[in-house]
Structure formats: C-alpha cells, structure tokens
file my_file15.cif (mmCIF, C-alpha atoms)
data_target
loop_
_atom_site.label_atom_id
_atom_site.label_comp_id
_atom_site.auth_asym_id
_atom_site.auth_seq_id
_atom_site.Cartn_x
_atom_site.Cartn_y
_atom_site.Cartn_z
CA GLN Z 577 -11.62 -12.94 7.76
CA LYS Z 578 -9.51 -10.06 6.48
CA GLU Z 579 -6.81 -10.92 3.97
CA VAL Z 580 -4.10 -9.22 6.03
CA GLU Z 581 -4.59 -8.39 9.70
CA GLN Z 582 -2.53 -6.19 11.95
CA ASN Z 583 -3.03 -4.76 15.40
CA SER Z 584 -3.99 -1.15 14.74
CA GLY Z 585 -2.24 0.10 17.84
CA PRO Z 586 -1.20 2.62 18.69
CA LEU Z 587 1.97 1.00 19.95
CA SER Z 588 4.12 3.17 22.17
CA VAL Z 589 7.67 2.29 23.17
CA PRO Z 590 10.44 4.29 24.85
CA GLU Z 591 13.50 5.32 22.88
CA GLY Z 592 16.04 2.51 22.74
CA ALA Z 593 13.49 -0.25 23.30
CA ILE Z 594 12.47 -3.03 20.91
CA ALA Z 595 9.24 -2.48 18.98
CA SER Z 596 7.42 -5.63 17.88
CA LEU Z 597 4.85 -5.48 15.08
CA ASN Z 598 2.73 -8.45 14.05
CA CYS Z 599 0.75 -9.48 11.01
CA THR Z 600 -1.30 -12.51 9.97
CA TYR Z 601 -2.58 -13.37 6.51
CA SER Z 602 -5.32 -15.61 5.21
CA ASP Z 603 -4.07 -16.86 1.81
CA ARG Z 604 -1.90 -19.87 2.53
CA GLY Z 605 -0.47 -19.76 -0.99
CA SER Z 606 1.14 -16.36 -0.48
CA GLN Z 607 4.85 -16.38 -1.17
CA SER Z 608 6.27 -12.94 -0.53
CA PHE Z 609 5.84 -10.53 2.33
CA PHE Z 610 6.75 -6.91 2.86
CA TRP Z 611 6.87 -4.26 5.52
CA TYR Z 612 6.27 -0.67 4.52
CA ARG Z 613 6.70 2.42 6.63
CA GLN Z 614 4.35 5.35 6.13
CA TYR Z 615 4.95 8.72 7.70
CA SER Z 616 1.94 10.95 8.20
CA GLY Z 617 0.94 12.57 4.92
CA LYS Z 618 3.45 10.55 2.91
CA SER Z 619 3.21 7.47 0.73
CA PRO Z 620 4.36 4.02 1.87
CA GLU Z 621 8.04 3.15 1.48
CA LEU Z 622 9.47 -0.35 1.56
CA ILE Z 623 11.71 -1.21 4.48
CA MET Z 624 11.85 -5.02 4.46
CA SER Z 625 10.94 -7.96 2.28
CA ILE Z 626 10.97 -11.63 3.27
CA TYR Z 627 10.31 -14.72 1.20
CA SER Z 628 11.48 -17.70 3.28
CA ASN Z 629 10.64 -18.99 6.72
CA GLY Z 630 12.88 -17.66 9.45
CA ASP Z 631 14.50 -14.37 10.21
CA LYS Z 632 15.92 -11.69 7.95
CA GLU Z 633 17.96 -8.88 9.45
CA ASP Z 634 18.74 -5.48 7.97
CA GLY Z 635 20.37 -3.05 10.36
CA ARG Z 636 18.01 -2.41 13.25
CA PHE Z 637 15.15 -4.22 11.52
CA THR Z 638 14.41 -7.94 11.65
CA ALA Z 639 11.56 -9.55 9.74
CA GLN Z 640 10.30 -12.96 10.80
CA LEU Z 641 8.15 -15.29 8.71
CA ASN Z 642 6.30 -18.44 9.70
CA LYS Z 643 4.30 -19.73 6.73
CA ALA Z 644 2.81 -22.63 8.69
CA SER Z 645 1.27 -20.18 11.14
CA GLN Z 646 0.64 -17.58 8.40
CA TYR Z 647 2.43 -15.03 10.52
CA VAL Z 648 4.87 -12.23 9.76
CA SER Z 649 6.49 -9.90 12.25
CA LEU Z 650 8.84 -6.94 12.29
CA LEU Z 651 11.19 -6.13 15.14
CA ILE Z 652 12.78 -2.72 15.43
CA ARG Z 653 15.75 -2.68 17.78
CA ASP Z 654 17.04 0.46 19.51
CA SER Z 655 13.89 2.32 18.49
CA GLN Z 656 14.35 5.99 17.65
CA PRO Z 657 11.81 8.83 17.60
CA SER Z 658 12.33 8.93 13.82
CA ASP Z 659 10.83 5.43 13.67
CA SER Z 660 7.47 6.88 14.71
CA ALA Z 661 5.19 6.08 11.79
CA THR Z 662 2.54 3.65 10.63
CA TYR Z 663 3.89 0.26 9.60
CA LEU Z 664 2.01 -1.58 6.88
CA CYS Z 665 2.23 -5.31 6.34
CA ALA Z 666 1.81 -6.34 2.71
CA VAL Z 667 1.33 -9.78 1.23
CA ASN Z 668 1.85 -10.72 -2.39
CA ARG Z 669 -0.67 -13.50 -3.03
CA GLY Z 670 0.88 -14.43 -6.37
CA ASN Z 671 0.80 -12.77 -9.79
CA ASN Z 672 1.75 -9.51 -8.06
CA ASP Z 673 -1.61 -9.42 -6.25
CA MET Z 674 -0.51 -7.17 -3.40
CA ARG Z 675 -2.76 -6.71 -0.36
CA PHE Z 676 -2.17 -4.51 2.65
CA GLY Z 677 -3.12 -4.60 6.29
CA ALA Z 678 -4.63 -1.62 8.07
CA GLY Z 679 -1.28 -0.67 9.57
CA THR Z 680 0.07 -0.34 13.11
CA ARG Z 681 0.83 3.14 14.36
CA LEU Z 682 4.10 3.23 16.30
CA THR Z 683 5.17 6.05 18.58
CA VAL Z 684 8.68 6.11 20.00
CA LYS Z 685 8.91 8.40 23.00
CA PRO Z 686 12.20 10.18 23.75
CA GLU B 883 15.79 6.01 -11.86
CA ALA B 884 12.62 8.06 -11.85
CA GLY B 885 9.91 6.97 -9.45
CA VAL B 886 6.17 6.66 -9.90
CA ALA B 887 4.71 10.01 -10.92
CA GLN B 888 1.20 11.07 -10.02
CA SER B 889 -0.82 14.19 -10.58
CA PRO B 890 -2.42 16.24 -9.28
CA ARG B 891 -1.16 16.15 -5.69
CA TYR B 892 -4.33 17.66 -4.28
CA LYS B 893 -7.87 18.05 -5.55
CA ILE B 894 -10.99 19.52 -3.97
CA ILE B 895 -14.32 18.99 -5.71
CA GLU B 896 -17.97 19.17 -4.87
CA LYS B 897 -20.04 16.03 -4.62
CA ARG B 898 -21.50 14.84 -7.91
CA GLN B 899 -18.61 16.39 -9.85
CA SER B 900 -16.12 14.29 -11.76
CA VAL B 901 -12.37 14.02 -11.26
CA ALA B 902 -9.46 12.24 -12.93
CA PHE B 903 -6.06 11.19 -11.65
CA TRP B 904 -3.00 10.37 -13.71
CA CYS B 905 -0.13 7.97 -13.05
CA ASN B 906 3.12 7.23 -14.84
CA PRO B 907 4.81 4.10 -13.47
CA ILE B 908 8.48 3.29 -13.21
CA SER B 909 9.91 2.49 -16.62
CA GLY B 910 9.74 -1.22 -17.35
CA HIS B 911 7.19 -2.02 -14.68
CA ALA B 912 4.40 -4.02 -16.26
CA THR B 913 2.18 -4.14 -13.17
CA LEU B 914 0.33 -1.00 -12.11
CA TYR B 915 -1.97 -0.63 -9.11
CA TRP B 916 -4.45 1.95 -7.93
CA TYR B 917 -5.10 1.96 -4.19
CA GLN B 918 -7.52 4.02 -2.14
CA GLN B 919 -6.36 4.95 1.34
CA ILE B 920 -8.92 6.46 3.67
CA LEU B 921 -7.50 8.31 6.67
CA GLY B 922 -6.43 5.87 9.37
CA GLN B 923 -6.77 2.80 7.15
CA GLY B 924 -4.44 0.73 5.03
CA PRO B 925 -4.35 0.97 1.24
CA LYS B 926 -7.26 -0.81 -0.42
CA LEU B 927 -6.66 -2.23 -3.87
CA LEU B 928 -9.03 -0.75 -6.46
CA ILE B 929 -7.56 -2.16 -9.64
CA GLN B 930 -4.46 -3.98 -10.86
CA PHE B 931 -3.21 -3.86 -14.43
CA GLN B 932 -0.73 -6.16 -16.10
CA ASN B 933 0.49 -4.19 -19.13
CA ASN B 934 -2.80 -2.79 -20.48
CA GLY B 935 -5.00 -5.65 -19.26
CA VAL B 936 -6.99 -5.72 -16.04
CA VAL B 937 -5.94 -8.44 -13.58
CA ASP B 938 -8.23 -7.56 -10.69
CA ASP B 939 -10.90 -4.89 -10.38
CA SER B 940 -13.16 -6.72 -7.94
CA GLN B 941 -13.08 -3.87 -5.41
CA LEU B 942 -13.56 -1.05 -7.91
CA PRO B 943 -17.01 0.58 -7.56
CA LYS B 944 -17.75 0.32 -11.23
CA ASP B 945 -20.90 2.42 -11.11
CA ARG B 946 -18.75 5.50 -10.50
CA PHE B 947 -15.08 4.57 -10.87
CA SER B 948 -13.28 3.73 -14.08
CA ALA B 949 -9.64 3.19 -14.94
CA GLU B 950 -7.63 2.61 -18.04
CA ARG B 951 -4.05 2.01 -18.96
CA LEU B 952 -3.30 2.99 -22.50
CA LYS B 953 -0.41 1.27 -24.28
CA GLY B 954 0.57 -0.46 -21.07
CA VAL B 955 2.27 2.61 -19.58
CA ASP B 956 0.35 5.61 -18.16
CA SER B 957 -2.93 5.13 -16.37
CA THR B 958 -5.88 7.30 -15.43
CA LEU B 959 -8.45 6.74 -12.70
CA LYS B 960 -11.75 8.59 -12.95
CA ILE B 961 -14.57 9.12 -10.51
CA GLN B 962 -17.94 10.25 -11.81
CA PRO B 963 -19.97 11.32 -9.92
CA ALA B 964 -17.99 11.76 -6.72
CA LYS B 965 -19.47 11.13 -3.28
CA LEU B 966 -18.39 12.45 0.09
CA GLU B 967 -17.07 9.01 1.06
CA ASP B 968 -14.62 9.11 -1.87
CA SER B 969 -12.48 11.55 0.10
CA ALA B 970 -9.18 9.72 0.43
CA VAL B 971 -5.65 9.52 -0.88
CA TYR B 972 -5.40 7.70 -4.20
CA LEU B 973 -2.10 5.92 -4.50
CA CYS B 974 -0.62 4.60 -7.69
CA ALA B 975 2.04 1.92 -7.44
CA SER B 976 3.98 -0.20 -9.88
CA SER B 977 6.05 -3.33 -9.77
CA PHE B 978 8.28 -5.35 -12.01
CA SER B 979 6.47 -8.29 -13.47
CA GLY B 980 8.43 -11.48 -13.22
CA GLY B 981 7.92 -12.68 -9.73
CA ASP B 982 6.44 -11.71 -6.42
CA THR B 983 8.17 -8.37 -6.13
CA GLU B 984 7.56 -5.28 -4.08
CA ALA B 985 5.40 -2.36 -5.17
CA PHE B 986 6.77 1.17 -5.43
CA PHE B 987 4.42 4.02 -4.66
CA GLY B 988 3.87 7.46 -6.07
CA GLN B 989 3.25 10.46 -3.83
CA GLY B 990 -0.50 10.05 -4.08
CA THR B 991 -3.38 12.37 -4.82
CA ARG B 992 -5.34 13.68 -1.87
CA LEU B 993 -8.98 14.06 -2.87
CA THR B 994 -11.44 16.02 -0.79
CA VAL B 995 -15.10 15.89 -1.75
CA VAL B 996 -17.22 18.62 -0.18
#
call {"tool": "encode", "arguments": {"input": "my_file15.cif", "output": "structure tokens"}}
result
Amino acid sequence: QKEVEQNSGPLSVPEGAIASLNCTYSDRGSQSFFWYRQYSGKSPELIMSIYSNGDKEDGRFTAQLNKASQYVSLLIRDSQPSDSATYLCAVNRGNNDMRFGAGTRLTVKP
Amino acid sequence: EAGVAQSPRYKIIEKRQSVAFWCNPISGHATLYWYQQILGQGPKLLIQFQNNGVVDDSQLPKDRFSAERLKGVDSTLKIQPAKLEDSAVYLCASSFSGGDTEAFFGQGTRLTVV
C-alpha cells in the first residue's frame, strides 16, 4: 500500500464548477496534512494545511480531513482556468517526515 | 524572507558522469529534504536532515547517491555515476523544526542524463 494515494486524473471541470480532489494515507499516526499546487515546470507551493478533523476554508478552497477514515480532500469552488495544475497531497507522519502522493492533474476548461 | 535557494537550475550530463546539486534552506529551518520528482510523478523523498544529522535516507540509492549537510545549513546532493533513469527534477525543501509544519520548496534542479 502506498503511503499517500491520490487519483492521478486527469480531472477536467468546466469553469465555475466545483473541483473535488481526494487523498488517502496509510500511517494512522499522521497528524498534519497539506495540499500543494504545482504548475507545469514549477516547484510545489502550499495552498492549504489542515490538522484537525472537519473542514477548513480559505477563500475558494476547502480542505476536509477525516482521520478515522484516513482521508483528506480538497474542494475548489468556482474553478478558474488559472487553477489548472497538479495538486499534491502531502502527509507529515511525525518528526517532519513529509510524504507526497503522485498528484492529481486538474484542467479547468473555459 | 529569502526562500530556499538551489543551484544549478538545469544540468545535462552523460551517463556515468557525476553531478552535484546545492541547496541553501530558509534561515532558521532545521529540517532539510531532498526529493526526486520524475516527470508525471509526485516528489519522492530521498533524504531528510535534522540540522546536520540524517533522519531518513531509506530511499536514497546509496551505491550512487550521497548527500551531506555541513554545519546544519547548506546541503549538497551528489550522483556518481549517473544513470539514464536519474533524469528528474531534484527538489530541495526545508521546514521549521518544532512541530508538524509545512515544507517550503526551492525552484529545483532539472537533471537530464543522456
């Protein structure tokens, strides 16, 4: 079982729609979770972090965490073409041991 | 605040040659990571340092890869000899040590082995 699993996509949504990205992780002791966005040819940049069960909203982005199910998700509301990128789920397993999923490629069509 | 600095940005070498990458983390960040990202894949952790000590190098191919972090600040990653499958982007990241915090990435070094 991979440490962090994501659907590789590609995921295509029309402009203005909600994009839903999912991630599961294997280490039940993990405590902190992150979503990074990576544009083609660029390095990953942090867009959301979440530490507690439930939802965390930041502008058009909402991260959801369910530790019992070992599941993290990212919702992007009112998707824009500029949101087209690969989204990486990252899990900190403790002691700053940071592991990444393979990423989900999102395309937002005008 | 200055970000994570990496050099060079690009490198093309022939197989069996050696290459070295350099990273300067964000000031005050005790944790430093080297990741390998092959095209179309997520970053794969090669090695994690805490200050100048190695925390995890279980996925580092030690027969050809080596890394060091002198004085707990700058780090170098070396490949010798390089193979075609080493073609990838090598990302350096750092994080503040003191909790489960996010990692900040440098711009990466794109290595092409021909």
call {"tool": "interface_residues", "arguments": {"input": "my_file15.cif", "of": "chain Z", "to": "chain B", "cutoff": "12 Å", "atoms": "all atoms listed in the file", "output": "PyMOL selection string"}}
result
chain Z and resi 578-586+605-627+661-681
call {"tool": "residues_around", "arguments": {"input": "my_file15.cif", "residues": "B:Lys960", "least_positions_apart": "3", "cutoff": "9 Å", "atoms": "all atoms listed in the file", "output": "PyMOL selection string"}}
result
chain B and resi 900-904+946-950
call {"tool": "closest_residue", "arguments": {"input": "my_file15.cif", "among": "Z:Leu641, Z:Ile594, Z:Gln577, Z:Tyr601", "to": "Z:Thr683", "atoms": "only C-alpha atoms"}}
result
Z:Ile594
call {"tool": "atom_distance", "arguments": {"input": "my_file15.cif", "atom1": "atom CA of B:Thr994", "atom2": "atom CA of B:Gln888"}}
result
16.4 Å
call {"tool": "residues_around", "arguments": {"input": "my_file15.cif", "residues": "Z:Val589", "least_positions_apart": "2", "cutoff": "9 Å", "atoms": "all atoms listed in the file", "output": "list of chain:residue names"}}
result
Z:Leu587, Z:Glu591, Z:Gly592, Z:Ala593, Z:Ile594, Z:Ala595, Z:Ser655, Z:Leu682, Z:Thr683, Z:Val684, Z:Lys685
call {"tool": "closest_residue", "arguments": {"input": "my_file15.cif", "among": "B:Ala912, B:Ala884, B:Leu928, B:Ile920", "to": "B:Lys953", "atoms": "all atoms listed in the file"}}
result
B:Ala912
call {"tool": "closest_residue", "arguments": {"input": "my_file15.cif", "among": "Z:Ser649, Z:Ser602, Z:Ser660, Z:Ser596", "to": "Z:Asn629", "atoms": "all atoms listed in the file"}}
result
Z:Ser649
call {"tool": "resolve_selection", "arguments": {"input": "my_file15.cif", "expression": "the PyMOL selection byres ((chain B and resi 969) around 7)", "output": "list in words"}}
result
Leu966, Glu967, Asp968, Ala970, Leu993, Thr994 and Val995 of chain B
call {"tool": "atom_distance", "arguments": {"input": "my_file15.cif", "atom1": "atom CA of B:Asp945", "atom2": "atom CA of B:Val996"}}
result
19.9 Å
call {"tool": "atom_distance", "arguments": {"input": "my_file15.cif", "atom1": "atom CA of B:Ser957", "atom2": "atom CA of B:Pro907"}}
result
8.3 Å
call {"tool": "residues_around", "arguments": {"input": "my_file15.cif", "residues": "Z:Asp631", "least_positions_apart": "4", "cutoff": "8 Å", "atoms": "all atoms listed in the file", "output": "mmCIF file with C-alpha atoms, in the coordinates of the input"}}
result
data_model
loop_
_atom_site.group_PDB
_atom_site.id
_atom_site.type_symbol
_atom_site.label_atom_id
_atom_site.label_comp_id
_atom_site.auth_asym_id
_atom_site.auth_seq_id
_atom_site.Cartn_x
_atom_site.Cartn_y
_atom_site.Cartn_z
ATOM 1 C CA THR Z 638 14.410 -7.940 11.650
ATOM 2 C CA ALA Z 639 11.560 -9.550 9.740
ATOM 3 C CA GLN Z 640 10.300 -12.960 10.800
ATOM 4 C CA LEU Z 641 8.150 -15.290 8.710
#
call {"tool": "decode", "arguments": {"input": "my_file15.cif", "residues": "stretch 620-664 of chain Z", "atoms": "N, CA and C atoms", "output": "compact mmCIF listing (two decimals), in the first residue's frame"}}
result
# COMPACT_ATOMS: atom_id res chain seq x y z
N PRO Z 620 6.43 22.82 -6.18
CA PRO Z 620 5.18 22.84 -5.42
C PRO Z 620 5.07 24.06 -4.50
N GLU Z 621 3.85 24.59 -4.39
CA GLU Z 621 3.59 25.69 -3.47
C GLU Z 621 2.41 25.31 -2.59
N LEU Z 622 2.51 25.65 -1.32
CA LEU Z 622 1.48 25.28 -0.36
C LEU Z 622 0.23 26.12 -0.57
N ILE Z 623 -0.93 25.46 -0.59
CA ILE Z 623 -2.18 26.22 -0.66
C ILE Z 623 -3.05 26.00 0.56
N MET Z 624 -2.97 24.85 1.20
CA MET Z 624 -3.81 24.59 2.38
C MET Z 624 -3.08 23.64 3.33
N SER Z 625 -3.32 23.85 4.60
CA SER Z 625 -2.89 22.89 5.61
C SER Z 625 -4.08 22.59 6.51
N ILE Z 626 -4.14 21.38 7.05
CA ILE Z 626 -5.23 21.02 7.95
C ILE Z 626 -4.70 20.04 8.97
N TYR Z 627 -5.12 20.23 10.22
CA TYR Z 627 -4.58 19.44 11.32
C TYR Z 627 -5.66 18.71 12.11
N SER Z 628 -6.90 19.22 12.04
CA SER Z 628 -7.99 18.65 12.84
C SER Z 628 -9.09 18.11 11.94
N ASN Z 629 -9.82 17.14 12.45
CA ASN Z 629 -10.96 16.62 11.70
C ASN Z 629 -11.96 17.72 11.38
N GLY Z 630 -12.55 17.62 10.20
CA GLY Z 630 -13.54 18.60 9.80
C GLY Z 630 -13.11 19.36 8.58
N ASP Z 631 -13.70 20.53 8.43
CA ASP Z 631 -13.45 21.36 7.27
C ASP Z 631 -12.64 22.59 7.64
N LYS Z 632 -11.83 23.04 6.69
CA LYS Z 632 -11.10 24.30 6.83
C LYS Z 632 -11.23 25.04 5.51
N GLU Z 633 -11.74 26.27 5.60
CA GLU Z 633 -11.99 27.04 4.39
C GLU Z 633 -11.01 28.20 4.28
N ASP Z 634 -10.58 28.44 3.05
CA ASP Z 634 -9.71 29.59 2.77
C ASP Z 634 -10.04 30.07 1.37
N GLY Z 635 -10.88 31.11 1.31
CA GLY Z 635 -11.30 31.63 0.02
C GLY Z 635 -12.10 30.60 -0.74
N ARG Z 636 -11.65 30.28 -1.94
CA ARG Z 636 -12.38 29.30 -2.76
C ARG Z 636 -12.00 27.86 -2.43
N PHE Z 637 -11.04 27.68 -1.54
CA PHE Z 637 -10.54 26.35 -1.21
C PHE Z 637 -11.09 25.87 0.13
N THR Z 638 -11.50 24.60 0.18
CA THR Z 638 -11.90 23.96 1.42
C THR Z 638 -11.19 22.62 1.53
N ALA Z 639 -10.46 22.44 2.63
CA ALA Z 639 -9.84 21.16 2.91
C ALA Z 639 -10.70 20.41 3.93
N GLN Z 640 -10.81 19.11 3.73
CA GLN Z 640 -11.59 18.27 4.63
C GLN Z 640 -10.70 17.13 5.11
N LEU Z 641 -10.80 16.84 6.41
CA LEU Z 641 -9.98 15.78 6.99
C LEU Z 641 -10.85 14.84 7.80
N ASN Z 642 -10.66 13.55 7.60
CA ASN Z 642 -11.33 12.52 8.38
C ASN Z 642 -10.25 11.51 8.79
N LYS Z 643 -9.74 11.66 10.00
CA LYS Z 643 -8.64 10.80 10.45
C LYS Z 643 -9.09 9.36 10.64
N ALA Z 644 -10.33 9.15 11.03
CA ALA Z 644 -10.81 7.78 11.22
C ALA Z 644 -10.79 7.01 9.91
N SER Z 645 -11.13 7.70 8.83
CA SER Z 645 -11.12 7.08 7.50
C SER Z 645 -9.80 7.27 6.78
N GLN Z 646 -8.87 8.03 7.39
CA GLN Z 646 -7.56 8.30 6.80
C GLN Z 646 -7.74 8.92 5.41
N TYR Z 647 -8.51 9.98 5.39
CA TYR Z 647 -8.96 10.58 4.14
C TYR Z 647 -8.86 12.10 4.24
N VAL Z 648 -8.30 12.68 3.18
CA VAL Z 648 -8.19 14.14 3.07
C VAL Z 648 -8.72 14.53 1.70
N SER Z 649 -9.42 15.65 1.64
CA SER Z 649 -9.90 16.10 0.35
C SER Z 649 -9.71 17.61 0.21
N LEU Z 650 -9.76 18.05 -1.01
CA LEU Z 650 -9.68 19.49 -1.32
C LEU Z 650 -10.79 19.81 -2.31
N LEU Z 651 -11.59 20.81 -1.96
CA LEU Z 651 -12.62 21.30 -2.85
C LEU Z 651 -12.22 22.68 -3.34
N ILE Z 652 -12.36 22.88 -4.63
CA ILE Z 652 -12.10 24.19 -5.22
C ILE Z 652 -13.41 24.68 -5.81
N ARG Z 653 -13.95 25.72 -5.22
CA ARG Z 653 -15.21 26.28 -5.70
C ARG Z 653 -14.94 27.31 -6.79
N ASP Z 654 -15.96 27.50 -7.67
CA ASP Z 654 -15.84 28.50 -8.74
C ASP Z 654 -14.49 28.35 -9.44
N SER Z 655 -14.22 27.15 -9.92
CA SER Z 655 -12.92 26.85 -10.54
C SER Z 655 -12.62 27.81 -11.69
N GLN Z 656 -11.38 28.21 -11.78
CA GLN Z 656 -10.90 29.12 -12.81
C GLN Z 656 -9.83 28.42 -13.67
N PRO Z 657 -9.68 28.85 -14.91
CA PRO Z 657 -8.62 28.25 -15.74
C PRO Z 657 -7.25 28.34 -15.08
N SER Z 658 -7.02 29.38 -14.27
CA SER Z 658 -5.74 29.52 -13.58
C SER Z 658 -5.53 28.47 -12.49
N ASP Z 659 -6.60 27.73 -12.15
CA ASP Z 659 -6.46 26.64 -11.18
C ASP Z 659 -5.91 25.37 -11.84
N SER Z 660 -5.81 25.37 -13.15
CA SER Z 660 -5.29 24.20 -13.86
C SER Z 660 -3.85 23.94 -13.44
N ALA Z 661 -3.63 22.80 -12.83
CA ALA Z 661 -2.32 22.46 -12.28
C ALA Z 661 -2.40 21.04 -11.74
N THR Z 662 -1.29 20.57 -11.22
CA THR Z 662 -1.29 19.29 -10.50
C THR Z 662 -1.36 19.59 -9.01
N TYR Z 663 -2.25 18.90 -8.32
CA TYR Z 663 -2.44 19.10 -6.88
C TYR Z 663 -1.86 17.91 -6.13
N LEU Z 664 -0.93 18.21 -5.24
CA LEU Z 664 -0.23 17.18 -4.49
C LEU Z 664 -0.74 17.16 -3.05
